[in-house]
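target_33.txt (compact mmCIF, C-alpha atoms)
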# COMPACT_ATOMS: atom_id res chain seq x y z
CA MET A 1054 -14.73 16.61 16.58
CA GLU A 1055 -11.82 15.83 18.88
CA ASN A 1056 -11.99 12.10 18.20
CA TYR A 1057 -11.21 12.79 14.54
CA TYR A 1058 -7.75 14.18 15.26
CA SER A 1059 -6.04 10.89 16.06
CA PRO A 1060 -7.48 9.06 13.04
CA LEU A 1061 -6.37 11.94 10.83
CA PHE A 1062 -2.90 12.11 12.39
CA GLY A 1063 -2.54 8.32 12.22
CA GLY A 1064 -3.58 8.54 8.58
CA PHE A 1065 -0.89 11.16 7.88
CA LEU A 1066 1.69 8.84 9.46
CA ILE A 1067 0.49 5.92 7.32
CA GLY A 1068 0.67 8.13 4.22
CA ALA A 1069 4.20 9.18 5.16
CA ALA A 1070 5.25 5.56 5.73
CA VAL A 1071 3.99 4.32 2.34
CA SER A 1072 5.55 7.37 0.65
CA LEU A 1073 8.89 6.54 2.27
CA MET A 1074 8.62 2.96 0.97
CA LEU A 1075 7.98 4.29 -2.53
CA TYR A 1076 10.80 6.86 -2.36
CA LEU A 1077 13.42 4.48 -0.98
CA ASN A 1078 12.49 1.05 -2.39
CA GLY A 1079 10.06 1.94 -5.20
CA ARG A 1080 7.46 -0.43 -3.80
CA VAL A 1081 3.78 -0.39 -2.93
CA THR A 1082 3.18 -0.99 0.79
CA GLY A 1083 0.48 -3.64 0.47
CA VAL A 1084 0.44 -5.65 3.67
CA SER A 1085 -1.51 -8.66 2.34
CA GLY A 1086 0.80 -8.97 -0.67
CA ILE A 1087 3.90 -8.60 1.49
CA ILE A 1088 2.70 -11.33 3.86
CA TYR A 1089 1.68 -13.60 0.96
CA GLY A 1090 5.11 -13.31 -0.65
CA ALA A 1091 6.81 -13.99 2.68
CA THR A 1092 4.77 -17.03 3.70
CA ALA A 1093 2.39 -18.84 1.32
CA ASN A 1094 4.15 -17.89 -1.93
CA PRO A 1095 7.84 -17.18 -1.24
CA ILE A 1096 9.98 -16.33 -4.26
CA LYS A 1097 13.76 -16.59 -3.96
CA GLY A 1098 15.48 -13.21 -3.83
CA ASP A 1099 12.21 -11.42 -3.03
CA ARG A 1100 11.74 -12.44 0.57
CA ALA A 1101 14.18 -10.56 2.80
CA TRP A 1102 12.61 -7.08 2.51
CA ARG A 1103 9.22 -8.61 3.29
CA TRP A 1104 10.44 -10.14 6.53
CA TYR A 1105 12.13 -6.88 7.49
CA PHE A 1106 8.85 -5.06 6.92
CA ILE A 1107 6.90 -7.67 8.93
CA SER A 1108 9.46 -7.41 11.77
CA GLY A 1109 9.11 -3.63 11.66
CA MET A 1110 5.34 -3.87 12.02
CA LEU A 1111 5.71 -6.19 15.00
CA ALA A 1112 8.26 -3.81 16.54
CA GLY A 1113 5.82 -0.96 15.94
CA GLY A 1114 3.15 -3.03 17.67
CA PHE A 1115 5.36 -3.47 20.73
CA ILE A 1116 6.07 0.27 20.80
CA LEU A 1117 2.31 0.91 20.71
CA LYS A 1118 1.80 -1.57 23.51
CA MET A 1119 4.36 0.23 25.67
CA LEU A 1120 3.18 3.78 24.94
CA TRP A 1121 -0.58 3.30 24.51
CA PRO A 1122 -1.64 -0.11 25.89
CA ASP A 1123 -5.30 0.52 25.03
CA SER A 1124 -4.42 0.58 21.30
CA PHE A 1125 -5.45 -3.07 21.26
CA SER A 1126 -8.41 -2.95 23.60
CA SER A 1127 -11.55 -4.65 22.40
CA SER A 1128 -14.81 -5.15 24.19
CA LEU A 1129 -16.23 -7.21 21.35
CA PRO A 1130 -17.38 -10.71 22.20
CA THR A 1131 -16.12 -12.16 18.90
CA GLN A 1132 -16.11 -15.97 19.04
CA ASP A 1133 -13.02 -17.95 18.08
CA TRP A 1134 -14.77 -19.72 15.21
CA THR A 1135 -15.86 -16.34 13.82
CA LEU A 1136 -12.22 -15.22 13.84
CA VAL A 1137 -11.17 -18.39 12.01
CA ILE A 1138 -13.77 -17.92 9.25
CA ALA A 1139 -12.96 -14.20 9.02
CA GLY A 1140 -9.22 -14.88 8.82
CA VAL A 1141 -9.60 -17.44 6.03
CA LEU A 1142 -11.88 -15.06 4.09
CA VAL A 1143 -9.46 -12.16 4.50
CA GLY A 1144 -6.39 -14.26 3.57
CA PHE A 1145 -8.03 -15.84 0.54
CA GLY A 1146 -9.91 -12.71 -0.54
CA THR A 1147 -6.99 -10.28 -0.33
CA VAL A 1148 -4.75 -12.50 -2.46
CA LEU A 1149 -7.51 -13.25 -4.99
CA GLY A 1150 -8.34 -9.53 -5.07
CA SER A 1151 -4.65 -8.48 -5.27
CA GLY A 1152 -4.70 -6.29 -2.18
CA CYS A 1153 -6.24 -4.99 1.01
CA THR A 1154 -6.84 -1.72 2.82
CA SER A 1155 -3.19 -0.64 2.49
CA GLY A 1156 -2.29 -1.70 -1.06
CA HIS A 1157 -5.63 -0.85 -2.69
CA GLY A 1158 -7.17 1.55 -0.15
CA VAL A 1159 -4.17 3.81 0.43
CA CYS A 1160 -1.50 3.22 -2.23
CA GLY A 1161 -3.68 2.36 -5.23
CA THR A 1162 -6.32 4.99 -4.51
CA SER A 1163 -3.59 7.64 -4.24
CA ARG A 1164 -2.30 6.57 -7.66
CA LEU A 1165 -5.89 6.78 -8.96
CA SER A 1166 -5.65 3.14 -10.10
CA PRO A 1167 -9.04 1.99 -11.45
CA ARG A 1168 -8.47 -1.54 -10.12
CA SER A 1169 -7.65 -0.28 -6.62
CA MET A 1170 -10.53 2.18 -6.50
CA THR A 1171 -12.94 -0.55 -7.64
CA ALA A 1172 -11.60 -2.98 -5.02
CA THR A 1173 -11.71 -0.34 -2.26
CA LEU A 1174 -15.30 0.66 -2.97
CA THR A 1175 -16.23 -3.03 -3.14
CA PHE A 1176 -14.75 -4.08 0.20
CA ILE A 1177 -16.05 -1.02 2.04
CA PHE A 1178 -19.61 -1.38 0.72
CA VAL A 1179 -19.60 -5.14 1.22
CA GLY A 1180 -18.25 -4.58 4.75
CA ILE A 1181 -21.07 -2.15 5.53
CA LEU A 1182 -23.66 -4.53 4.08
CA ALA A 1183 -22.13 -7.50 5.92
CA VAL A 1184 -22.26 -5.75 9.31
CA PHE A 1185 -25.92 -4.92 8.64
CA VAL A 1186 -26.76 -8.51 7.67
CA PHE A 1187 -24.73 -10.09 10.49
CA ARG A 1188 -26.51 -7.84 13.00
CA LYS A 1189 -29.89 -8.98 11.68
CA LEU A 1190 -28.79 -12.60 11.93
CA GLY A 1191 -27.35 -12.07 15.40
CA VAL A 1192 -23.90 -13.35 14.40
CA PHE A 1193 -22.16 -10.88 16.70
CA LEU A 1194 -24.09 -11.92 19.80
CA MET B 1219 20.89 -4.15 3.12
CA LYS B 1220 19.96 -0.47 3.23
CA SER B 1221 16.70 -1.22 1.45
CA ASN B 1222 15.90 -3.96 3.96
CA LEU B 1223 16.43 -1.52 6.81
CA ALA B 1224 14.21 0.95 4.96
CA SER B 1225 11.45 -1.70 4.93
CA LEU B 1226 11.95 -2.22 8.66
CA VAL B 1227 11.59 1.51 9.39
CA VAL B 1228 8.53 1.80 7.13
CA GLY B 1229 6.99 -1.16 8.99
CA ILE B 1230 7.52 0.55 12.35
CA LEU B 1231 6.01 3.86 11.19
CA PHE B 1232 3.12 2.13 9.46
CA ALA B 1233 2.23 0.09 12.55
CA ILE B 1234 2.38 3.13 14.84
CA GLY B 1235 0.15 5.00 12.37
CA LEU B 1236 -2.37 2.16 12.45
CA GLY B 1237 -2.37 2.15 16.26
CA ILE B 1238 -2.76 5.91 16.66
CA SER B 1239 -5.55 5.99 14.09
CA GLY B 1240 -7.61 3.33 15.86
CA MET B 1241 -7.40 0.69 13.12
CA THR B 1242 -6.01 -1.89 15.58
CA ARG B 1243 -9.24 -1.74 17.61
CA PRO B 1244 -11.85 -4.03 16.04
CA GLU B 1245 -14.71 -2.18 17.75
CA LYS B 1246 -13.70 1.02 15.94
CA VAL B 1247 -13.78 -0.86 12.64
CA PHE B 1248 -17.26 -2.22 13.44
CA GLY B 1249 -18.38 1.29 14.33
CA PHE B 1250 -17.10 2.51 10.97
CA LEU B 1251 -18.89 -0.22 9.01
CA ASP B 1252 -22.07 0.05 11.09
CA VAL B 1253 -23.57 2.78 8.90
CA PHE B 1254 -27.16 1.61 9.54
CA GLY B 1255 -26.59 1.28 13.29
CA SER B 1256 -24.52 3.52 15.56
CA TRP B 1257 -22.14 4.82 12.92
CA ASP B 1258 -18.72 6.06 14.03
CA ALA B 1259 -17.36 7.79 10.94
CA SER B 1260 -13.99 8.67 12.48
CA LEU B 1261 -11.99 6.00 10.64
CA ILE B 1262 -12.78 7.60 7.28
CA PHE B 1263 -10.25 10.24 8.36
CA VAL B 1264 -7.51 7.60 8.42
CA MET B 1265 -7.97 7.02 4.73
CA ILE B 1266 -8.41 10.71 3.96
CA GLY B 1267 -5.20 11.56 5.85
CA ALA B 1268 -3.16 8.77 4.28
CA VAL B 1269 -4.43 9.39 0.75
CA ILE B 1270 -3.84 13.17 0.93
CA VAL B 1271 -0.20 12.64 1.95
CA HIS B 1272 0.49 9.85 -0.53
CA PHE B 1273 -1.45 11.44 -3.41
CA ILE B 1274 0.84 14.47 -3.23
CA ALA B 1275 4.06 12.62 -2.39
CA PHE B 1276 3.51 10.04 -5.15
CA ARG B 1277 3.50 12.72 -7.83
CA PHE B 1278 6.87 14.09 -6.74
CA ILE B 1279 8.50 10.71 -6.08
CA VAL B 1280 7.75 9.08 -9.44
CA ARG B 1281 9.36 11.95 -11.33
CA ARG B 1282 12.70 10.40 -10.35
CA LYS B 1283 14.33 7.94 -12.73
CA SER B 1284 14.46 5.32 -9.99
CA PRO B 1285 13.90 4.98 -6.25
CA LEU B 1286 16.79 5.93 -3.98
CA LEU B 1287 17.79 2.40 -2.95
CA SER B 1288 16.65 0.29 -5.90
CA PRO B 1289 17.60 0.32 -9.60
CA GLN B 1290 13.97 0.27 -10.72
CA TRP B 1291 10.36 0.87 -9.73
CA HIS B 1292 8.21 -2.08 -8.64
CA LEU B 1293 4.75 -0.68 -9.30
CA PRO B 1294 1.67 -2.65 -10.40
CA THR B 1295 0.95 -2.31 -14.10
CA LYS B 1296 -2.36 -4.16 -14.43
CA LYS B 1297 -5.26 -2.00 -15.55
CA GLU B 1298 -8.06 -4.44 -16.26
CA ILE B 1299 -10.89 -4.79 -13.75
CA THR B 1300 -11.24 -8.56 -13.47
CA PHE B 1301 -13.77 -10.92 -11.92
CA PRO B 1302 -11.23 -12.24 -9.35
CA LEU B 1303 -10.52 -8.65 -8.26
CA ILE B 1304 -14.20 -8.08 -7.44
CA VAL B 1305 -14.79 -11.49 -5.86
CA GLY B 1306 -11.60 -11.17 -3.79
CA ALA B 1307 -12.57 -7.70 -2.55
CA PHE B 1308 -16.05 -9.05 -1.76
CA LEU B 1309 -14.71 -11.95 0.35
CA PHE B 1310 -12.26 -9.61 2.07
CA GLY B 1311 -15.12 -7.21 2.90
CA VAL B 1312 -17.11 -10.00 4.55
CA GLY B 1313 -14.11 -11.20 6.60
CA TRP B 1314 -13.21 -7.63 7.60
CA ALA B 1315 -16.75 -7.08 8.87
CA LEU B 1316 -16.77 -10.38 10.78
CA ALA B 1317 -13.59 -9.84 12.78
CA GLY B 1318 -12.84 -6.12 12.51
CA TYR B 1319 -9.30 -6.88 11.35
CA CYS B 1320 -7.62 -6.31 8.03
CA PRO B 1321 -4.09 -7.67 7.40
CA GLY B 1322 -1.99 -4.71 8.65
CA PRO B 1323 -3.78 -4.19 11.97
CA ALA B 1324 -3.91 -7.96 12.53
CA LEU B 1325 -0.14 -8.22 12.10
CA THR B 1326 0.46 -5.21 14.37
CA SER B 1327 -1.91 -6.60 17.00
CA LEU B 1328 0.14 -9.80 17.32
CA ALA B 1329 2.38 -7.66 19.55
CA SER B 1330 -0.47 -7.36 22.06
CA LEU B 1331 0.04 -11.09 22.79
CA GLN B 1332 -3.73 -11.55 22.93
CA SER B 1333 -5.25 -14.70 21.51
CA ARG B 1334 -7.78 -13.12 19.13
CA PRO B 1335 -5.38 -11.44 16.72
CA LEU B 1336 -3.28 -14.61 16.71
CA ILE B 1337 -6.25 -16.84 15.82
CA PHE B 1338 -7.22 -14.41 13.06
CA PHE B 1339 -3.67 -14.11 11.72
CA VAL B 1340 -2.98 -17.85 11.58
CA SER B 1341 -6.32 -18.38 9.82
CA MET B 1342 -5.43 -15.62 7.37
CA ILE B 1343 -2.16 -17.36 6.45
CA PHE B 1344 -4.17 -20.56 6.04
CA GLY B 1345 -6.51 -18.73 3.63
CA MET B 1346 -3.48 -17.55 1.63
CA ILE B 1347 -2.07 -21.09 1.46
CA LEU B 1348 -5.49 -22.31 0.34
CA PHE B 1349 -5.43 -19.74 -2.46
CA ARG B 1350 -1.91 -20.79 -3.45
CA LEU B 1351 -2.98 -24.46 -3.68
CA ILE B 1352 -6.00 -23.63 -5.84
CA ASP B 1353 -4.01 -21.18 -7.96
CA ARG B 1354 -1.39 -23.84 -8.65
CA ARG B 1355 -4.04 -25.92 -10.45
CA LEU B 1356 -6.14 -23.17 -12.01
CA ASN B 1357 -3.55 -20.42 -12.56
CA ILE B 1358 -6.11 -17.70 -11.87
CA LYS B 1359 -5.72 -14.53 -13.92
CA ARG B 1360 -6.07 -11.91 -11.23

What would the structure in this file look like if it were written as structure tokens?
Amino acid sequence: MENYYSPLFGGFLIGAAVSLMLYLNGRVTGVSGIIYGATANPIKGDRAWRWYFISGMLAGGFILKMLWPDSFSSSLPTQDWTLVIAGVLVGFGTVLGSGCTSGHGVCGTSRLSPRSMTATLTFIFVGILAVFVFRKLGVFL
Amino acid sequence: MKSNLASLVVGILFAIGLGISGMTRPEKVFGFLDVFGSWDASLIFVMIGAVIVHFIAFRFIVRRKSPLLSPQWHLPTKKEITFPLIVGAFLFGVGWALAGYCPGPALTSLASLQSRPLIFFVSMIFGMILFRLIDRRLNIKR
């Protein structure tokens, strides 16, 4: 049971962060959308806050690295080409699907948005199915 | 300016939350999605924790006329469940399962200065540019 405390506490912190964004700026904290609007589809006058958010996440990453260096540990033998395909799928898919784990999974689900709940159930079930299929095919080895 | 600093602070808190919860470790994500193998359900608590907090906070916050640092709300208004929504979520699910990264943890993990998050992140931006190029011609109704 002990290994459920940090996910739960981390989840509370994420919930507090997205609530703060809503309270102060009135925005949804959807990371894929924020990155899209900062890089591939920049709109004048709607960029600065995105880059501040991105800088904040990087700063948070450096804080994690200092305090808990094993936050980024991975023993997975994921190949570079797998990461490339995965990255393209995630970039393309999150923009086509209007959101990712943060915007749909946390913010939209909390608002009980039908679109977000549909998207969240879809990517979780597809993710589970994909891991099953990839294991059978030996993609991870 | 204040609202930009607010975004910065939210970004810091969000990233630390992701790290503490285990979302920045691809093997934890695999464990979570590996329901038919050696399932590690712990990451479901990340979503439960975040949704509990935001579900309650949301209801209080949107009673205000406007957010504290902005003249109006910027909330999504679309209701319709569209084909692109499903296909997009499907493609995202496959990519998430392949690498164990979703956008937030990938961005946070750039700070680790390891090559894997960087390769994933650059490819993700490429995927977004690809979408933008296609969308420019087709004007997809998302």

Within 6 Å of chain B: residues of chain A, using all atoms listed in the file, as a ChimeraX atom specification:
/A:1057,1059-1061,1063-1068,1070,1072,1076-1080,1084-1085,1093,1102,1105-1106,1109-1111,1113-1115,1124-1125,1136-1137,1139-1147,1149-1150,1159,1163,1168,1172,1175-1176,1179-1181,1183-1184

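Every protein or nucleic acid residue with an atom no more than 7 Å from Ala1091 in chain A, counting all atoms listed in the file and leaving out same-chain residues fewer than 4 positions away, appears here: Ile1087, Pro1095, Arg1100, Arg1103 and Trp1104 of chain A.
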
Could you take the residues named above and write them with C-alpha atoms, as a short mmCIF file (atom, residue, chain, number, x, y, z; two decimals), in the coordinates of the input?
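New file again-v3.cif:
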data_model
loop_
_atom_site.label_atom_id
_atom_site.label_comp_id
_atom_site.auth_asym_id
_atom_site.auth_seq_id
_atom_site.Cartn_x
_atom_site.Cartn_y
_atom_site.Cartn_z
CA ILE A 1087 3.90 -8.60 1.49
CA PRO A 1095 7.84 -17.18 -1.24
CA ARG A 1100 11.74 -12.44 0.57
CA ARG A 1103 9.22 -8.61 3.29
CA TRP A 1104 10.44 -10.14 6.53
#

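Taking CA of Ile1107 in chain A as the reference point, CA of Arg1355 in chain B is found at 28.8 Å.
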
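Across A:Ile1138, A:Leu1182, A:Val1081, A:Leu1073, the tightest approach to Arg1164 in chain A is made by A:Val1081 when counting all atoms listed in the file.
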
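Compared by their closest atoms to Val1148 in chain A, and using only C-alpha atoms, the residues A:Gly1083, A:Asn1056, A:Leu1075, A:Ser1126 rank with A:Gly1083 nearest.
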
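The two atoms in question, CA of Gly1086 in chain A and CA of Gly1152 in chain A, are spaced 6.3 Å apart.
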
Record the distance separating CA of Thr1131 in chain A and CA of Phe1062 in chain A, expressed in Å with one decimal.
28.4 Å

As a PDB file, in the frame of the given file, the rebuilt range 1288-1316 of chain B with N, CA and C atoms:
ATOM      1  N   SER B1288      16.919   1.410  -5.002  1.00  0.00           N
ATOM      2  CA  SER B1288      16.650   0.290  -5.900  1.00  0.00           C
ATOM      3  C   SER B1288      16.865   0.764  -7.337  1.00  0.00           C
ATOM      4  N   PRO B1289      17.365  -0.114  -8.216  1.00  0.00           N
ATOM      5  CA  PRO B1289      17.600   0.320  -9.600  1.00  0.00           C
ATOM      6  C   PRO B1289      16.328   0.587 -10.395  1.00  0.00           C
ATOM      7  N   GLN B1290      15.197  -0.015  -9.972  1.00  0.00           N
ATOM      8  CA  GLN B1290      13.970   0.270 -10.720  1.00  0.00           C
ATOM      9  C   GLN B1290      12.725   0.324  -9.831  1.00  0.00           C
ATOM     10  N   TRP B1291      11.647   0.813 -10.424  1.00  0.00           N
ATOM     11  CA  TRP B1291      10.360   0.870  -9.730  1.00  0.00           C
ATOM     12  C   TRP B1291       9.721  -0.512  -9.749  1.00  0.00           C
ATOM     13  N   HIS B1292       8.943  -0.803  -8.705  1.00  0.00           N
ATOM     14  CA  HIS B1292       8.210  -2.080  -8.640  1.00  0.00           C
ATOM     15  C   HIS B1292       6.724  -1.784  -8.478  1.00  0.00           C
ATOM     16  N   LEU B1293       6.151  -1.078  -9.450  1.00  0.00           N
ATOM     17  CA  LEU B1293       4.750  -0.680  -9.300  1.00  0.00           C
ATOM     18  C   LEU B1293       3.833  -1.572 -10.132  1.00  0.00           C
ATOM     19  N   PRO B1294       2.606  -1.811  -9.642  1.00  0.00           N
ATOM     20  CA  PRO B1294       1.670  -2.650 -10.400  1.00  0.00           C
ATOM     21  C   PRO B1294       1.347  -2.008 -11.747  1.00  0.00           C
ATOM     22  N   THR B1295       1.213  -2.853 -12.766  1.00  0.00           N
ATOM     23  CA  THR B1295       0.950  -2.310 -14.100  1.00  0.00           C
ATOM     24  C   THR B1295      -0.415  -2.734 -14.636  1.00  0.00           C
ATOM     25  N   LYS B1296      -1.067  -3.676 -13.934  1.00  0.00           N
ATOM     26  CA  LYS B1296      -2.360  -4.160 -14.430  1.00  0.00           C
ATOM     27  C   LYS B1296      -3.413  -3.052 -14.409  1.00  0.00           C
ATOM     28  N   LYS B1297      -4.233  -3.034 -15.446  1.00  0.00           N
ATOM     29  CA  LYS B1297      -5.260  -2.000 -15.550  1.00  0.00           C
ATOM     30  C   LYS B1297      -6.672  -2.588 -15.527  1.00  0.00           C
ATOM     31  N   GLU B1298      -6.765  -3.823 -16.021  1.00  0.00           N
ATOM     32  CA  GLU B1298      -8.060  -4.440 -16.260  1.00  0.00           C
ATOM     33  C   GLU B1298      -8.793  -4.773 -14.964  1.00  0.00           C
ATOM     34  N   ILE B1299     -10.076  -4.425 -14.911  1.00  0.00           N
ATOM     35  CA  ILE B1299     -10.890  -4.790 -13.750  1.00  0.00           C
ATOM     36  C   ILE B1299     -11.439  -6.191 -13.989  1.00  0.00           C
ATOM     37  N   THR B1300     -10.935  -7.147 -13.215  1.00  0.00           N
ATOM     38  CA  THR B1300     -11.240  -8.560 -13.470  1.00  0.00           C
ATOM     39  C   THR B1300     -12.263  -9.091 -12.461  1.00  0.00           C
ATOM     40  N   PHE B1301     -12.831 -10.237 -12.808  1.00  0.00           N
ATOM     41  CA  PHE B1301     -13.770 -10.920 -11.920  1.00  0.00           C
ATOM     42  C   PHE B1301     -13.100 -11.308 -10.592  1.00  0.00           C
ATOM     43  N   PRO B1302     -11.894 -11.913 -10.620  1.00  0.00           N
ATOM     44  CA  PRO B1302     -11.230 -12.240  -9.350  1.00  0.00           C
ATOM     45  C   PRO B1302     -11.007 -11.021  -8.448  1.00  0.00           C
ATOM     46  N   LEU B1303     -10.722  -9.864  -9.061  1.00  0.00           N
ATOM     47  CA  LEU B1303     -10.520  -8.650  -8.260  1.00  0.00           C
ATOM     48  C   LEU B1303     -11.775  -8.337  -7.442  1.00  0.00           C
ATOM     49  N   ILE B1304     -12.930  -8.400  -8.094  1.00  0.00           N
ATOM     50  CA  ILE B1304     -14.200  -8.080  -7.440  1.00  0.00           C
ATOM     51  C   ILE B1304     -14.557  -9.141  -6.389  1.00  0.00           C
ATOM     52  N   VAL B1305     -14.441 -10.411  -6.790  1.00  0.00           N
ATOM     53  CA  VAL B1305     -14.790 -11.490  -5.860  1.00  0.00           C
ATOM     54  C   VAL B1305     -13.863 -11.454  -4.647  1.00  0.00           C
ATOM     55  N   GLY B1306     -12.565 -11.247  -4.888  1.00  0.00           N
ATOM     56  CA  GLY B1306     -11.600 -11.170  -3.790  1.00  0.00           C
ATOM     57  C   GLY B1306     -11.931 -10.034  -2.834  1.00  0.00           C
ATOM     58  N   ALA B1307     -12.219  -8.850  -3.393  1.00  0.00           N
ATOM     59  CA  ALA B1307     -12.570  -7.700  -2.550  1.00  0.00           C
ATOM     60  C   ALA B1307     -13.853  -7.975  -1.777  1.00  0.00           C
ATOM     61  N   PHE B1308     -14.782  -8.693  -2.406  1.00  0.00           N
ATOM     62  CA  PHE B1308     -16.050  -9.050  -1.760  1.00  0.00           C
ATOM     63  C   PHE B1308     -15.784  -9.944  -0.540  1.00  0.00           C
ATOM     64  N   LEU B1309     -15.009 -11.021  -0.751  1.00  0.00           N
ATOM     65  CA  LEU B1309     -14.710 -11.950   0.350  1.00  0.00           C
ATOM     66  C   LEU B1309     -13.953 -11.232   1.470  1.00  0.00           C
ATOM     67  N   PHE B1310     -13.013 -10.379   1.082  1.00  0.00           N
ATOM     68  CA  PHE B1310     -12.260  -9.610   2.070  1.00  0.00           C
ATOM     69  C   PHE B1310     -13.205  -8.727   2.886  1.00  0.00           C
ATOM     70  N   GLY B1311     -14.155  -8.076   2.205  1.00  0.00           N
ATOM     71  CA  GLY B1311     -15.120  -7.210   2.900  1.00  0.00           C
ATOM     72  C   GLY B1311     -15.913  -7.963   3.946  1.00  0.00           C
ATOM     73  N   VAL B1312     -16.341  -9.178   3.603  1.00  0.00           N
ATOM     74  CA  VAL B1312     -17.110 -10.000   4.550  1.00  0.00           C
ATOM     75  C   VAL B1312     -16.243 -10.362   5.761  1.00  0.00           C
ATOM     76  N   GLY B1313     -15.011 -10.811   5.508  1.00  0.00           N
ATOM     77  CA  GLY B1313     -14.110 -11.200   6.600  1.00  0.00           C
ATOM     78  C   GLY B1313     -13.752 -10.015   7.495  1.00  0.00           C
ATOM     79  N   TRP B1314     -13.548  -8.865   6.869  1.00  0.00           N
ATOM     80  CA  TRP B1314     -13.210  -7.630   7.600  1.00  0.00           C
ATOM     81  C   TRP B1314     -14.346  -7.269   8.552  1.00  0.00           C
ATOM     82  N   ALA B1315     -15.580  -7.402   8.055  1.00  0.00           N
ATOM     83  CA  ALA B1315     -16.750  -7.080   8.870  1.00  0.00           C
ATOM     84  C   ALA B1315     -16.938  -8.081  10.013  1.00  0.00           C
ATOM     85  N   LEU B1316     -16.583  -9.338   9.761  1.00  0.00           N
ATOM     86  CA  LEU B1316     -16.770 -10.380  10.780  1.00  0.00           C
ATOM     87  C   LEU B1316     -15.845 -10.191  11.979  1.00  0.00           C
TER      88      LEU B1316
END
